There are 2 protein chains.
Amino acid sequence: MKESWSSVDTLETNFRPLVVIELAKGTKEETIEWFTKRIVDKKANGGAQLLIKPLVTENGNENIYLVGASHLRLLLGAENVGLVKECNDNSMRAFTYSSRKTFKDFADDNQNFLTMSECQYIIKHELDNLRAKDEKMIPGYPQAKLYPGKSIVRRLLTNGILVQIFPLHDREELKKLRHTWYGQVKIGYQPLDEIRCYFGETIALYFGFLEYFTFALIPMAVIGIPYYVFAWEDYDKYVMFATFNLLWSTVILEVWKRICAVMTYRWGTLLMKRQFEEPRPGFHGVLGINPVTGREEPVYSSIKRQLRIYLVSVPFVCLCLYFSLYVMMIYFDLEQWALDYHEENKSHFSSLMLYVPSIIYAVVIEIMNRIYRYAAEFLTSWENHRLESSYQNHLILKVLVFNFLNCFASLFYIAFVLFDMKLLRQSLATLLITSQILNQFAESLLPYWLQKRHMKKMKERMHSLKMDTDLSLVEQVNSEKEMGTYLGTFDDYLELFLQFGYVSLFSCVYPLAAVFAVLNNITEIYSDALKMCRVYKRPFAEPTANIGVWQLAFETMSVISVVTNCILIGMSPQVNALFPDSKMDLILTVALVEHLLLAIKFVMAFVIPDKPRDIQIKLAKLEFESLEALKQQMFTESYSYLCDDMREQ
Amino acid sequence: MKESWSSVDTLETNFRPLVVIELAKGTKEETIEWFTKRIVDKKANGGAQLLIKPLVTENGNENIYLVGASHLRLLLGAENVGLVKECNDNSMRAFTYSSRKTFKDFADDNQNFLTMSECQYIIKHELDNLRAKDEKMIPGYPQAKLYPGKSIVRRLLTNGILVQIFPLHDREELKKLRHTWYGQVKIGYQPLDEIRCYFGETIALYFGFLEYFTFALIPMAVIGIPYYVFAWEDYDKYVMFATFNLLWSTVILEVWKRICAVMTYRWGTLLMKRQFEEPRPGFHGVLGINPVTGREEPVYSSIKRQLRIYLVSVPFVCLCLYFSLYVMMIYFDLEQWALDYHEENKSHFSSLMLYVPSIIYAVVIEIMNRIYRYAAEFLTSWENHRLESSYQNHLILKVLVFNFLNCFASLFYIAFVLFDMKLLRQSLATLLITSQILNQFAESLLPYWLQKRHMKKMKERMHSLKMDTDLSLVEQVNSEKEMGTYLGTFDDYLELFLQFGYVSLFSCVYPLAAVFAVLNNITEIYSDALKMCRVYKRPFAEPTANIGVWQLAFETMSVISVVTNCILIGMSPQVNALFPDSKMDLILTVALVEHLLLAIKFVMAFVIPDKPRDIQIKLAKLEFESLEALKQQMFTESYSYLCDDMREQ
């Protein structure tokens with residue numbers, strides 16, 4: 001054991017490249033020199049104390065650098081980011097270097113104690129936290145202002161000097177993962193723990209949720225099939241199906257919280273302390289004093305932001321919603337036209353034409369959603385939120401409202417204005433299936449194809465070897481840096497959210513929706529896995545303890561679906577036949593049932609604990625231990641303090 | 001400066017009695033000796049290191065002891081319980097003895113840094129945490145078993161050896177407080193900060209809520225008066241009033257959270273860390289290993305508890321609810337009989353008789369509520385909850401459900417089964433006013449009168465001096481130990497909760513309810529203040545950061561009131577006249593409005609932040625500081641660890 005801060009050297013022989021930094025072509029020498037010096041500089045001097053090596057390709061140095069770190073540096077970094085690991089007694093604890101011997105599988109020569117994605121996360125954290133000392137600007141770029149405490153990497157990124165930072169794939173590991181994940185044809189769970197090890201918790205949690213959600217839909221799908229096969233139009237049966245769906249959707253959302261807690265406890269993120277949130281990269285403002293940190297940093301008036309939100313964003317969103325409704329009305333005109341055409345001609349072609357408006361509308365909806373997405377991102381970024389989380393919340397809210405209306409407005413219109421259940425069923429089916437096909441194509445297959453073509457070209461250019469196996473490091477970096485960047489799980493969750501809407505909002509009209517959802521999700525798992533492994537750069541791992549705002553979104557959807565389903569059932573001719581004399585009784589009954597169902601939902605959500613009992617006990621145990629330790633420490637401190645005090649006299 | 005743990009002596013001259021311990025008459029000498037020894041024993045020996053003195057009265061020692069503590073001991077105890085105090089830079093921080101100089105108004109000779117109620121809270125905490133070491137039983141009482149870690153005071157209490165522990169009043173302070181609180185006739189705010197200093201946060205928060213709630217009702221009352229004066233029966237006006245009420249009640253509940261956060265931040269309890277919860281005194285079970293603490297303590301199977309809850313408590317509550325409905329039906333029979341009688345006789349007497357059933361019913365309801373309360377307490381205690389918080393939640397749930405049905409079932413019946421708005425208005429008025437009068441009488445005036453009579457007798461017996469001013473310590477202790485014990489804020493909140501129900505559930509039928517509520521609350525403030533200052537023993541201060549489950553209860557009530565008000569408005573003849581052709585359109589409109597109002601409520605609750613911006617910033621600042629400190633500590637630790645490591649080699 002000879003490690004010390006000074007021995008954490010930058011010239012170790014066993015340099016393992018973990019992260020790639022690509023600087024812009026033509027970056028000035030002095031800038032590169034200063035930046036690399038700051039990266040390798042000792043922690044005590046304000047550096048990151050990492051290892052860095054230029055990647056020398058056949059064309060000479062292309063301003064691409066590989067970053068790594070010594071084993072000890074990574075362990076200290078793990079303590080710094082608050083990584084939680086399993087101990088020898090099977091409890092989960094925050095890793096500290098001084099207590100390292102108590103952790104499972106720890107040995108000073110065991111380089112595998114930290115997974116590669118953890119190492120990369122640590123390096124990213126250290127790079128992000130590399131801060132300006134007394135530099136007033138980035139050397140060589142007087143326009144790139146710095147102030148003490150400003151993250152250097154973020155300034156380099158916003159000024160375009162730093163093109164990208166990304167973690168390297170581990171070809172061996174990836175191959176193994178691909179094989180267990182989607183390489184074999186088998187029915188079974190996904191290897192979530194391996195996914196988490198390779199891609200981090202956020203992505204593993206998405207796949208976990210996708211898998212869970214698919215399994216949870218199976219009962220609905222199974223119950224839904226006979227409705228289609230036997231063409232049941234029986235009142236009791238529909239009511240039962242809808243009631244089952246409504247209660248089931250509450251149960252699955254509550255149970256998910258428990259499963260999520262079990263998973264994230266095992267992964268350690270349930271216990272991870274929240275880090276203090278730094279301003280997001282795009283945030284700008286006049287230099288001022290942050291009231292929280294007391295540091296000098298850009299400050300932006302919250303009133304200005306509110307004005308931007310309420311005077312620009314809200315009206316814009318309303319305008320978009322209006323536009324979306326306008327497009328919907330055009331669709332209904334088209335639909336009418338197609339119907340008229342069919343009535344007149346009654347040909348095979350004309351009956352096919354009946355489906356055309358729906359399909360066109362589905363495509364238009366998808367396109368509008370995507371365009372709006374860009375507008376929403378632009379607007380939210382223009383609102384200049386200080387924190388990434390606040391930016392994300394505003395973006396998600398904007399996108400959710402629009403997507404909800406855009407996707408479901410026509411269905412609401414058909415159901416509650418036109419009262420046309422047949423058309424509703426048909427539209428629902430067309431929308432659901434078209435959007436699923438479009439999504440799978442646009443999200444995974446198209447990028448995969450593009451990526452494959454690109455790889456082929458590149459390989460030809462490099463007149464080189466087999467992919468996957470024998471790529472040299474240079475080739476690997478060169479091929480990966482051209483890959484697309486995975487932009488987070490937002491779109492994937494959004495897709496699931498809308499699917500949940502199709503399944504639950506009108507479940508009593510179209511029980512087959514759940515079947516399509518299940519089928520789609522099974523292929524979705526594979527296409528998303530393909531996307532993660534083959535199409536995109538490896539993303540940095542992001543520790544997370546839950547699916548965040550999406551839980552709320554799904555729960556809101558399930559409340560709305562109680563209302564819609566009750567109305568739909570109330571409108572069905574079979575139910576109407578039960579109240580031949582008085583429409584009033586019917587409506588009152590429906591309203592009563594709706595309120596009862598809502599009440600049951602809330603009671604159920606309240607009664608089912610969010611965490612399983614054993615996790616609760618484990619958490620309580622940790623809390624108890626830390627309180628005990630604190631008490632002990634306080635006792636010793638005041639005791640020692642008083643002893644010192646006596647000695648002085 | 002000569003303090004040290006050893007100098008925290010039990011024989012100080014400036015002994016200030018803070019807490020009174022009353023042991024049962026005839027307690028064995030050896031028990032008393034052991035108990036007092038444990039109290040004064042050094043902390044290092046597992047004692048509480050407090051001061052204790054017997055109270056010698058004219059009748060000799062009556063097993064009453066006064067407990068106090070040295071100044072240093074109290075400061076160390078303040079650190080131990082995690083007291084939060086204001087620093088010199090106006091921020092709130094957890095007090096530690098080593099950083100004591102940074103706190104506002106601190107001086108080593110300033111005995112007023114801690115308020116008396118804080119000192120008493122600290123002593124209570126230290127006494128509660130006086131734990132058995134290797135004693136197997138309480139000396140002299142073989143049936144009173146002990147095991148290592150068992151709280152001695154709790155065992156003494158459950159075995160009846162310890163009769164009571166209560167904090168002493170501070171006659172001077174109390175007189176000042178009484179004067180500013182209710183001594184002068186003036187319109188103004190209550191001295192909440194002084195109340196908090198004297199009675200602690202839980203009680204101050206109740207009075208704060210009572211005051212806030214009264215102010216919040218004033219707009220409703222003001223708008224309600226002209227409805228009564230001008231006998232407006234106009235549809236638009238009622239709808240407007242109800243809508244205003246519904247949105248207003250959401251706003252006031254949200255704003256309360258903010259006000260509460262401001263208050264508890266100022267008091268320091270918003271920042272106080274939750275202490276680990278020990279089993280409640282009444283909890284019993286077989287000795288086993290607690291999975292959380294790993295300590296040996298009584299363990300009770302959670303399945304057994306669930307069985308008791310679902311097989312006994314739930315059926316019992318249902319039976320009580322049924323009985324309450326049965327009583328209600330008797331009331332309606334009585335009402336009918338009174339009406340018939342009036343029809344037959346048409347005398348002055350008979351028209352008075354019309355009010356009799358309502359008044360009887362109101363009295364019966366109050367009686368049933370009180371009897372049920374005892375049953376609920378017995379049952380919940382029999383359910384054997386381990387934690388006080390869980391006990392409280394189950395008790396509150398039981399009591400709330402029954403009280404809600406008991407108080408409002410007849411009104412619901414009149415409104416939605418009999419459709420008799422006139423009777424509804426009359427019943428509402430009678431119930432509201434009768435219950436208010438009964439409550440004020442039973443809660444404050446009756447005990448006050450009893451107490452006064454008792455004091456008079458005692459004074460006569462002691463053939464002694466003027467009350468309040470010149471009572472000697474012995475007389476003070478003797479008079480206070482006979483006073484009633486304040487059982488917590490439960491009943492006070494419950495009363496407000498039911499009042500809120502009367503005001504909001506049927507607000508569009510009886511706008512005057514708010515006026516009565518305001519009038520009642522103004523006198524309620526005075527009678528409750530009287531109760532706290534003159535009737536009951538001083539209660540121990542209990543730090544708390546919010547009104548807990550009552551916030552949820554009030555919010556639930558405000559959701560229910562949206563439903564009832566919408567139905568009431570829909571039933572009014574004026575609204576019916578607007579939809580002459582179709583009842584269906586009417587009901588659909590009402591349902592739509594109801595859902596819209598509910599949606600607006602939820603959005604409002606979501607949009608209004610729970611804490612004001614400046615409190616948010618202050619909290620963020622503290623969190624940031626502690627994270628920075630942790631980071632710094634970690635850096636130093638790993639650095640020093642590595643230095644040590646090098647030296648060893």
# chains A, B, ... in the order shown; residues from 1 in each chain; ligands from 1
call {"tool": "closest_atom_pairs", "arguments": {"of": "segment 523-611 of chain A", "to": "segment 447-450 of chain A", "cutoff": "9 Å", "atoms": "only C-alpha atoms", "output": "Markdown table"}}
result
| residue | atom | partner | partner_atom | distance |
| --- | --- | --- | --- | --- |
| A:Leu530 | CA | A:Tyr448 | CA | 7.9 |
| A:Lys531 | CA | A:Tyr448 | CA | 6.8 |
| A:Arg534 | CA | A:Tyr448 | CA | 7.1 |
| A:Val535 | CA | A:Tyr448 | CA | 5.4 |
| A:Tyr536 | CA | A:Pro447 | CA | 8.7 |
call {"tool": "residues_around", "arguments": {"residues": "segment 584-601 of chain A", "least_positions_apart": "5", "cutoff": "7 Å", "atoms": "only C-alpha atoms", "output": "list in words"}}
result
Leu247, Thr250, Val562, Val563, Cys566, Gly570 and Phe579 of chain A; Lys583 and Met584 of chain B
call {"tool": "select_by_dssp", "arguments": {"residues": "segment 168-203 of chain B", "states": "alpha helix (DSSP H)", "output": "PyMOL selection string"}}
result
chain B and resi 171-178+192-199+201-203
call {"tool": "atom_distance", "arguments": {"atom1": "atom CA of Lys631 of chain B", "atom2": "atom CA of Leu130 of chain A"}}
result
14.5 Å
call {"tool": "closest_residue", "arguments": {"among": "A:Ser572, A:Ser98, A:Gln426, A:Thr636", "to": "chain B", "atoms": "only C-alpha atoms"}}
result
A:Ser98
call {"tool": "residues_around", "arguments": {"residues": "segment 350-362 of chain A", "least_positions_apart": "6", "cutoff": "10 Å", "atoms": "only C-alpha atoms", "output": "PyMOL selection string"}}
result
chain A and resi 327-328+330-344+368+406-407+410+426-435+438
call {"tool": "write_last_selection", "arguments": {"atoms": "C-alpha atoms", "output": "short mmCIF file (atom, residue, chain, number, x, y, z; two decimals), in the first residue's frame"}}
result
data_model
loop_
_atom_site.label_atom_id
_atom_site.label_comp_id
_atom_site.auth_asym_id
_atom_site.auth_seq_id
_atom_site.Cartn_x
_atom_site.Cartn_y
_atom_site.Cartn_z
CA VAL A 327 -56.35 20.18 -37.52
CA MET A 328 -58.69 17.76 -35.79
CA ILE A 330 -60.10 19.16 -40.77
CA TYR A 331 -59.67 15.46 -40.09
CA PHE A 332 -63.38 15.12 -39.36
CA ASP A 333 -64.17 16.91 -42.65
CA LEU A 334 -61.91 14.47 -44.44
CA GLU A 335 -63.53 11.58 -42.65
CA GLN A 336 -66.95 12.81 -43.73
CA TRP A 337 -65.72 13.23 -47.27
CA ALA A 338 -64.36 9.68 -47.33
CA LEU A 339 -67.64 8.39 -45.97
CA ASP A 340 -69.60 10.25 -48.64
CA TYR A 341 -67.23 8.96 -51.29
CA HIS A 342 -67.73 5.42 -50.06
CA GLU A 343 -71.50 5.83 -50.02
CA GLU A 344 -71.42 7.02 -53.62
CA MET A 368 -47.05 17.83 -34.99
CA ASN A 406 -53.20 16.17 -29.81
CA CYS A 407 -53.54 12.42 -29.41
CA SER A 410 -60.30 13.55 -31.66
CA GLN A 426 -62.05 2.38 -35.41
CA SER A 427 -60.19 5.65 -34.77
CA LEU A 428 -58.69 4.32 -31.58
CA ALA A 429 -57.40 1.24 -33.37
CA THR A 430 -55.98 3.22 -36.27
CA LEU A 431 -54.34 5.84 -34.05
CA LEU A 432 -52.86 3.30 -31.69
CA ILE A 433 -51.47 1.00 -34.34
CA THR A 434 -50.21 3.73 -36.66
CA SER A 435 -48.45 5.59 -33.88
CA LEU A 438 -44.30 5.03 -36.66
#
call {"tool": "residues_around", "arguments": {"residues": "Gly294 of chain B", "least_positions_apart": "2", "cutoff": "12 Å", "atoms": "only C-alpha atoms", "output": "PDB file with N, CA and C atoms, in the first residue's frame"}}
result
ATOM      1  N   ILE A 617     -37.875  -1.480   6.799  1.00  0.00           N
ATOM      2  CA  ILE A 617     -37.063  -1.829   7.965  1.00  0.00           C
ATOM      3  C   ILE A 617     -35.606  -1.507   7.723  1.00  0.00           C
ATOM      4  N   LYS A 618     -35.114  -1.844   6.510  1.00  0.00           N
ATOM      5  CA  LYS A 618     -33.709  -1.566   6.214  1.00  0.00           C
ATOM      6  C   LYS A 618     -33.422  -0.073   6.273  1.00  0.00           C
ATOM      7  N   ALA A 620     -35.144   2.188   7.958  1.00  0.00           N
ATOM      8  CA  ALA A 620     -35.252   2.625   9.347  1.00  0.00           C
ATOM      9  C   ALA A 620     -33.982   2.273  10.107  1.00  0.00           C
ATOM     10  N   LYS A 621     -33.436   1.102   9.790  1.00  0.00           N
ATOM     11  CA  LYS A 621     -32.222   0.650  10.455  1.00  0.00           C
ATOM     12  C   LYS A 621     -31.071   1.610  10.172  1.00  0.00           C
ATOM     13  N   LEU A 622     -30.922   1.988   8.908  1.00  0.00           N
ATOM     14  CA  LEU A 622     -29.850   2.918   8.552  1.00  0.00           C
ATOM     15  C   LEU A 622     -30.040   4.250   9.252  1.00  0.00           C
ATOM     16  N   PHE A 624     -31.647   4.825  11.975  1.00  0.00           N
ATOM     17  CA  PHE A 624     -31.366   4.631  13.396  1.00  0.00           C
ATOM     18  C   PHE A 624     -29.870   4.654  13.658  1.00  0.00           C
ATOM     19  N   GLU A 625     -29.130   3.932  12.807  1.00  0.00           N
ATOM     20  CA  GLU A 625     -27.681   3.879  12.999  1.00  0.00           C
ATOM     21  C   GLU A 625     -27.056   5.258  12.901  1.00  0.00           C
TER      22      GLU A 625
ATOM     23  N   GLY B 149     -31.983  -1.156  28.145  1.00  0.00           N
ATOM     24  CA  GLY B 149     -32.468  -0.204  27.144  1.00  0.00           C
ATOM     25  C   GLY B 149     -33.898   0.232  27.367  1.00  0.00           C
ATOM     26  N   GLY B 288     -38.188  -9.663  22.220  1.00  0.00           N
ATOM     27  CA  GLY B 288     -37.596 -10.186  21.004  1.00  0.00           C
ATOM     28  C   GLY B 288     -36.582  -9.194  20.489  1.00  0.00           C
ATOM     29  N   ILE B 289     -36.059  -9.442  19.308  1.00  0.00           N
ATOM     30  CA  ILE B 289     -35.070  -8.526  18.749  1.00  0.00           C
ATOM     31  C   ILE B 289     -35.772  -7.601  17.762  1.00  0.00           C
ATOM     32  N   ASN B 290     -35.656  -6.321  18.003  1.00  0.00           N
ATOM     33  CA  ASN B 290     -36.198  -5.358  17.063  1.00  0.00           C
ATOM     34  C   ASN B 290     -35.330  -5.368  15.806  1.00  0.00           C
ATOM     35  N   PRO B 291     -35.926  -5.605  14.627  1.00  0.00           N
ATOM     36  CA  PRO B 291     -35.092  -5.714  13.418  1.00  0.00           C
ATOM     37  C   PRO B 291     -34.402  -4.397  13.060  1.00  0.00           C
ATOM     38  N   VAL B 292     -34.944  -3.287  13.532  1.00  0.00           N
ATOM     39  CA  VAL B 292     -34.351  -1.989  13.182  1.00  0.00           C
ATOM     40  C   VAL B 292     -33.175  -1.659  14.092  1.00  0.00           C
ATOM     41  N   GLU B 296     -32.903  -5.744  22.224  1.00  0.00           N
ATOM     42  CA  GLU B 296     -33.938  -6.602  22.782  1.00  0.00           C
ATOM     43  C   GLU B 296     -35.051  -5.706  23.313  1.00  0.00           C
ATOM     44  N   GLU B 297     -36.235  -5.915  22.839  1.00  0.00           N
ATOM     45  CA  GLU B 297     -37.372  -5.120  23.316  1.00  0.00           C
ATOM     46  C   GLU B 297     -38.650  -5.870  22.987  1.00  0.00           C
ATOM     47  N   PRO B 298     -39.793  -5.460  23.561  1.00  0.00           N
ATOM     48  CA  PRO B 298     -41.024  -6.192  23.264  1.00  0.00           C
ATOM     49  C   PRO B 298     -41.335  -6.113  21.778  1.00  0.00           C
ATOM     50  N   VAL B 299     -41.759  -7.218  21.225  1.00  0.00           N
ATOM     51  CA  VAL B 299     -42.097  -7.286  19.812  1.00  0.00           C
ATOM     52  C   VAL B 299     -43.516  -7.818  19.721  1.00  0.00           C
TER      53      VAL B 299
END
call {"tool": "residues_around", "arguments": {"residues": "Asn369 of chain A", "least_positions_apart": "6", "cutoff": "10 Å", "atoms": "only C-alpha atoms", "output": "list in words"}}
result
Ser324, Val363, Ala375, Val399, Leu400, Phe402, Asn403, Phe404, Asn406 and Cys407 of chain A
call {"tool": "write_last_selection", "arguments": {"atoms": "all heavy atoms", "output": "mmCIF file, in the first residue's frame"}}
result
data_model
loop_
_atom_site.group_PDB
_atom_site.id
_atom_site.type_symbol
_atom_site.label_atom_id
_atom_site.label_comp_id
_atom_site.auth_asym_id
_atom_site.auth_seq_id
_atom_site.Cartn_x
_atom_site.Cartn_y
_atom_site.Cartn_z
ATOM 1 N N SER A 324 -54.022 22.506 -32.903
ATOM 2 C CA SER A 324 -54.217 21.060 -32.917
ATOM 3 C C SER A 324 -55.701 20.726 -33.042
ATOM 4 O O SER A 324 -56.091 19.805 -33.776
ATOM 5 C CB SER A 324 -53.622 20.473 -31.644
ATOM 6 O OG SER A 324 -54.313 19.337 -31.251
ATOM 7 N N VAL A 363 -50.474 10.169 -38.780
ATOM 8 C CA VAL A 363 -49.144 10.627 -39.197
ATOM 9 C C VAL A 363 -48.976 12.106 -38.859
ATOM 10 O O VAL A 363 -47.952 12.531 -38.310
ATOM 11 C CB VAL A 363 -48.939 10.378 -40.711
ATOM 12 C CG1 VAL A 363 -47.621 10.987 -41.173
ATOM 13 C CG2 VAL A 363 -48.974 8.892 -41.003
ATOM 14 N N ALA A 375 -40.278 23.182 -30.485
ATOM 15 C CA ALA A 375 -40.719 24.503 -30.040
ATOM 16 C C ALA A 375 -40.708 24.565 -28.514
ATOM 17 O O ALA A 375 -40.251 25.549 -27.919
ATOM 18 C CB ALA A 375 -42.107 24.796 -30.575
ATOM 19 N N VAL A 399 -44.979 19.561 -22.931
ATOM 20 C CA VAL A 399 -45.089 18.496 -23.927
ATOM 21 C C VAL A 399 -46.271 17.589 -23.603
ATOM 22 O O VAL A 399 -47.027 17.187 -24.496
ATOM 23 C CB VAL A 399 -43.769 17.694 -24.000
ATOM 24 C CG1 VAL A 399 -43.906 16.504 -24.905
ATOM 25 C CG2 VAL A 399 -42.660 18.598 -24.496
ATOM 26 N N LEU A 400 -46.450 17.294 -22.310
ATOM 27 C CA LEU A 400 -47.535 16.374 -21.936
ATOM 28 C C LEU A 400 -48.894 16.953 -22.310
ATOM 29 O O LEU A 400 -49.725 16.257 -22.881
ATOM 30 C CB LEU A 400 -47.512 16.109 -20.430
ATOM 31 C CG LEU A 400 -46.566 15.030 -19.958
ATOM 32 C CD1 LEU A 400 -46.873 14.665 -18.527
ATOM 33 C CD2 LEU A 400 -46.670 13.806 -20.840
ATOM 34 N N PHE A 402 -49.725 19.167 -24.558
ATOM 35 C CA PHE A 402 -49.963 19.194 -25.982
ATOM 36 C C PHE A 402 -50.175 17.791 -26.537
ATOM 37 O O PHE A 402 -51.109 17.542 -27.297
ATOM 38 C CB PHE A 402 -48.785 19.861 -26.690
ATOM 39 C CG PHE A 402 -48.994 19.984 -28.167
ATOM 40 C CD1 PHE A 402 -49.800 20.986 -28.676
ATOM 41 C CD2 PHE A 402 -48.410 19.091 -29.048
ATOM 42 C CE1 PHE A 402 -50.010 21.096 -30.037
ATOM 43 C CE2 PHE A 402 -48.614 19.198 -30.400
ATOM 44 C CZ PHE A 402 -49.415 20.206 -30.898
ATOM 45 N N ASN A 403 -49.297 16.874 -26.144
ATOM 46 C CA ASN A 403 -49.417 15.512 -26.663
ATOM 47 C C ASN A 403 -50.738 14.891 -26.252
ATOM 48 O O ASN A 403 -51.362 14.188 -27.045
ATOM 49 C CB ASN A 403 -48.268 14.646 -26.152
ATOM 50 C CG ASN A 403 -47.039 14.798 -27.010
ATOM 51 O OD1 ASN A 403 -46.814 14.036 -27.914
ATOM 52 N ND2 ASN A 403 -46.262 15.820 -26.747
ATOM 53 N N PHE A 404 -51.157 15.158 -25.045
ATOM 54 C CA PHE A 404 -52.417 14.597 -24.572
ATOM 55 C C PHE A 404 -53.557 15.073 -25.454
ATOM 56 O O PHE A 404 -54.337 14.274 -25.980
ATOM 57 C CB PHE A 404 -52.660 15.029 -23.117
ATOM 58 C CG PHE A 404 -53.882 14.431 -22.512
ATOM 59 C CD1 PHE A 404 -53.843 13.168 -21.954
ATOM 60 C CD2 PHE A 404 -55.084 15.112 -22.525
ATOM 61 C CE1 PHE A 404 -54.976 12.606 -21.409
ATOM 62 C CE2 PHE A 404 -56.227 14.557 -21.982
ATOM 63 C CZ PHE A 404 -56.170 13.301 -21.425
ATOM 64 N N ASN A 406 -53.415 16.523 -28.412
ATOM 65 C CA ASN A 406 -53.204 16.170 -29.808
ATOM 66 C C ASN A 406 -53.613 14.722 -30.079
ATOM 67 O O ASN A 406 -54.241 14.422 -31.084
ATOM 68 C CB ASN A 406 -51.716 16.375 -30.122
ATOM 69 C CG ASN A 406 -51.487 16.716 -31.570
ATOM 70 O OD1 ASN A 406 -52.434 16.934 -32.317
ATOM 71 N ND2 ASN A 406 -50.242 16.759 -31.964
ATOM 72 N N CYS A 407 -53.263 13.837 -29.184
ATOM 73 C CA CYS A 407 -53.537 12.422 -29.408
ATOM 74 C C CYS A 407 -54.974 12.058 -29.072
ATOM 75 O O CYS A 407 -55.562 11.192 -29.719
ATOM 76 C CB CYS A 407 -52.603 11.561 -28.582
ATOM 77 S SG CYS A 407 -50.920 11.661 -29.136
#
call {"tool": "residues_around", "arguments": {"residues": "Gly26 of chain A", "least_positions_apart": "6", "cutoff": "10 Å", "atoms": "only C-alpha atoms", "output": "list in words"}}
result
Glu62, Asn63 and Ile161 of chain A
call {"tool": "write_last_selection", "arguments": {"atoms": "N, CA and C atoms", "output": "mmCIF file, in the first residue's frame"}}
result
data_model
loop_
_atom_site.group_PDB
_atom_site.id
_atom_site.type_symbol
_atom_site.label_atom_id
_atom_site.label_comp_id
_atom_site.auth_asym_id
_atom_site.auth_seq_id
_atom_site.Cartn_x
_atom_site.Cartn_y
_atom_site.Cartn_z
ATOM 1 N N GLU A 62 -6.025 14.612 -33.586
ATOM 2 C CA GLU A 62 -7.255 15.271 -34.035
ATOM 3 C C GLU A 62 -7.985 15.942 -32.883
ATOM 4 N N ASN A 63 -7.241 16.353 -31.843
ATOM 5 C CA ASN A 63 -7.850 17.003 -30.673
ATOM 6 C C ASN A 63 -8.827 16.100 -29.932
ATOM 7 N N ILE A 161 -15.842 25.153 -27.722
ATOM 8 C CA ILE A 161 -14.447 24.697 -27.778
ATOM 9 C C ILE A 161 -14.405 23.195 -27.519
#
call {"tool": "atom_distance", "arguments": {"atom1": "atom CA of Ser472 of chain B", "atom2": "atom CA of Thr31 of chain B"}}
result
28.7 Å
call {"tool": "closest_residue", "arguments": {"among": "B:Tyr206, B:Tyr413, B:Phe241, B:Phe602", "to": "chain A", "atoms": "only C-alpha atoms"}}
result
B:Phe602
